[in-house]
Structures are given as structure tokens and as C-alpha cells.
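Shown next, in C-alpha cells, is the structure this report addresses.
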Amino acid sequence: MILTTSLVIFAYLAGSLSSAIIMCKLFSLPDPRSQGSGNPGATNVLRFGGKKIAILVLTGDVLKGLISVLIASYVGLTATGIALVGVSAFLGHLYPVFFKFQGGKGVATALGVLLGISWLLGVAIIATWLVTAVIFRLSSLAAITAAISAPFITWLIQPTLAYVAATSLMGLLLLMRHRSNIKNLLQGTEPRIGGE
């Protein structure tokens with residue numbers, strides 16, 4: 001119990017390290033919360049900071065979830081414990097204690113959690129995102145599609161109740177964080193990947 005609690009706290013704190021804000025500070029770029037969509041995530045950083053910085057942000061956000069879950073697995077936590085650790089890393093990204101609880105949407109961190117649970121699960125979610133993004137050139141639509149698909153894909157690949165519950169919760173929170181994107185998609189005003 002103590003080990004699980006410690007790792008849940010560690011995961012939340014790791015998740016609270018905003019890769020976008022940190023990288024923008026390191027490379028003397030504006031705070032991502034004041035630029036573009038205002039979201040401290042890789043897609044927004046890509047718009048004003050370029051591909052290299054966006055890749056660093058994406059990598060950092062994925063690793064927060066991945067490393068937390070891998071550590072939980074390595075020390076032998078149960079599936080429930082691993083799921084709690086993964087969700088904690090995700091919540092840290094959404095509500096970071098180090099940045100006044102103003103976090104990103106959590107897509108990359110959720111992906112890291114899924115990759116930690118099962119590399120095949122993570123690859124399936126990446127494939128879902130990529131296919132949607134390539135066809136429609138809409139990052140938000142790809143994220144929404146992946147979020148909705150995640151619990152069903154988890155049930156097929158890793159049918160453990162704790163993991164399905166974790167992906168369902170993360171998927172629901174992802175949809176909530178994409179409310180403005182959903183509105184823009186319905187109105188046809190959502191920016192496309194690479195511009196119009």
C-alpha cells in the first residue's frame with residue numbers, strides 16, 4: 001500500500017512537469033499558454049516553435065506516462081496499482097501542481113501510459129491517431145477518435161478491468177479537454193495540421 005501510494009504521488013509529480021513550458025523556456029520561446037490555442041502541448045508548440053521543439057515536447061510528455069507505468073510494473077504492483085499510477089501521471093499533466101494546475105490536454109501522456117501497459121496497445125492507439133490524422137489532417141479529431149477507441153481497443157488487447165477503467169477515465173477526460181475543439185470541428189473552423 002505504501003509503495004503504491006508513493007508511486008502514485010511520484011507519477012502525479014512527474015506528470016506535473018510540463019514539457020511544453022519547460023522546453024519553451026529552455027529555447028527562449030514564448031509561454032505556450034499565451035500562444036495559439038493556449039494549450040501547453042506539442043501541437044500548439046509546433047505552430048509557433050517548429051518541429052524540433054514540438055518533437056521534444058511530445059517525447060517528454062509520452063515519457064512521463066511511460067516511465068511511471070514501467071516503474072510500477074517493474075516493482076510488481078497489481079494491475080489496479082499500475083492503472084492508478086498511470087492515471088496519476090495523466091492527471092498531473094492535466095492539472096500540474098508546478099504550473100498553477102493549468103495543464104495540457106493529455107494526449108501524449110495518455111499514450112505513454114498505454115505504451116507502458118502494453119506496447120501493442122500503445123501501437124494500436126498510435127495507428128488509430130495516425131490514420132485519422134492523415135485522412136482528415138486534424139490533430140484534435142485524431143485525438144478524439146483515439147480517446148473514444150481506447151477503452152474498446154484495451155478490452156481487445158489487454159482485457160483487465162483496471163486497465164479498461166483507466167483508459168475509459170482518461171478517454172472521458174480527454175473528450176472534456178477537447179470541448180472547444182469539438183465545437184470548432186462542428187463549425188468547420190478547427191485548424192488543420194500544416195495549415196489550410
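Residues in the C-alpha cells are named by chain (A, B, ... in the order shown) and by number from 1 within that chain; ligands are numbered from 1 in the order shown.
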Could you list, as a ChimeraX atom specification, every residue within 8 Å of segment 88-105 of chain A, counting only C-alpha atoms and ignoring same-chain residues fewer than 4 positions away? /A:8-9,11-18,39-41,64-65,68,84,109-110,113,170,174,177-178
Leaving out Leu156 of chain A and any residue of its chain fewer than 6 positions from it, which residues lie within 12 Å of it when counting only C-alpha atoms, given as a compact mmCIF listing (two decimals) with C-alpha atoms, in the first residue's frame?
# COMPACT_ATOMS: atom_id res chain seq x y z
CA SER A 118 1.17 -2.89 -23.34
CA LEU A 120 0.78 -3.45 -28.62
CA LEU A 121 -2.00 -1.38 -27.07
CA ALA A 124 -2.82 0.32 -31.86
CA SER A 149 -11.46 3.98 -29.30
CA ALA A 150 -9.02 3.40 -26.41
CA TYR A 163 -6.88 -1.09 -17.45
CA VAL A 164 -10.22 -0.72 -19.21
message = Would you pick out the contacts of Leu3 of chain A at 12 Å or less, using only C-alpha atoms, so that residues sharing its chain but fewer than 6 positions from it are not included, and give the list as JSON, numbers by chain?
response = {"A": [9, 10, 71, 72, 73, 75, 76, 77, 78, 81, 82, 85]}
Original post:
Residues of chain A in alpha helix (DSSP H) according to DSSP, as number ranges by chain?
Top reply: A: 2-15, 19-26, 42-49, 51-74, 79-94, 107-117, 119-136, 139-157, 161-177, 179-187
A straight line from atom CA of Val123 of chain A to atom CA of Leu111 of chain A spans 9.0 Å
- [ ] Determine the nearest neighbour of Ser140 of chain A from the options A:Gly106, A:Gly49, A:Gly60, A:Gly86, counting only C-alpha atoms.
- [x]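 Once distances to Ser140 of chain A are computed over only C-alpha atoms, the minimum belongs to A:Gly106.
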* To do: For Ser28 of chain A, list every protein, DNA or RNA residue within 12 Å, evaluated using only C-alpha atoms, and leave out those in the same chain fewer than 5 positions away; present the list as a VMD selection string.
  => chain A and resid 20 to 23 49 53
Only N, CA and C atoms, please: the residues just picked out, written as an mmCIF file, in the first residue's frame.
data_model
loop_
_atom_site.group_PDB
_atom_site.id
_atom_site.type_symbol
_atom_site.label_atom_id
_atom_site.label_comp_id
_atom_site.auth_asym_id
_atom_site.auth_seq_id
_atom_site.Cartn_x
_atom_site.Cartn_y
_atom_site.Cartn_z
ATOM 1 N N ALA A 20 6.084 21.223 -22.471
ATOM 2 C CA ALA A 20 5.929 22.380 -23.363
ATOM 3 C C ALA A 20 6.459 23.652 -22.716
ATOM 4 N N ILE A 21 6.075 23.890 -21.475
ATOM 5 C CA ILE A 21 6.515 25.107 -20.783
ATOM 6 C C ILE A 21 8.024 25.070 -20.546
ATOM 7 N N ILE A 22 8.530 23.915 -20.120
ATOM 8 C CA ILE A 22 9.963 23.773 -19.839
ATOM 9 C C ILE A 22 10.787 23.965 -21.115
ATOM 10 N N MET A 23 10.401 23.305 -22.197
ATOM 11 C CA MET A 23 11.151 23.414 -23.453
ATOM 12 C C MET A 23 11.100 24.835 -24.023
ATOM 13 N N GLY A 49 6.761 27.145 -32.563
ATOM 14 C CA GLY A 49 8.136 26.815 -32.189
ATOM 15 C C GLY A 49 8.869 25.913 -33.154
ATOM 16 N N ILE A 53 11.305 21.427 -31.605
ATOM 17 C CA ILE A 53 10.847 21.669 -30.233
ATOM 18 C C ILE A 53 9.585 20.856 -29.964
#
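Straight-line separation from atom CA of Leu46 of chain A to atom CA of Val62 of chain A: 16.0 Å.
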Item checked: Among the residues A:Leu7, A:Cys24, A:Leu29, A:Leu141, the one that comes closest to Val107 of chain A [using only C-alpha atoms] ->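 Nearest to Val107 of chain A: A:Leu141.
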Judged by only C-alpha atoms, the minimum distance to Val57 of chain A among A:Thr132, A:Thr80, A:Ser19, A:Ser168 is found for A:Ser19
Counting only C-alpha atoms, which residue out of A:Thr43, A:Leu70, A:Ile148, A:Ala143 sits closest to Pro191 of chain A?
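Looking at the shortest contact to Pro191 of chain A, the residue is A:Thr43.
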A straight line from atom CA of Ala108 of chain A to atom CA of Ala147 of chain A spans 11.2 Å
From the list A:Ser180, A:Lys25, A:Leu114, A:Ala142, the nearest residue to Ser37 of chain A using only C-alpha atoms is A:Ser180
When distances are computed from only C-alpha atoms, which of A:Pro159, A:Ile117, A:Pro30, A:Trp129 shows the smallest separation from Tyr74 of chain A?
->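 Answer, going by the shortest atom-to-atom distance: A:Ile117.
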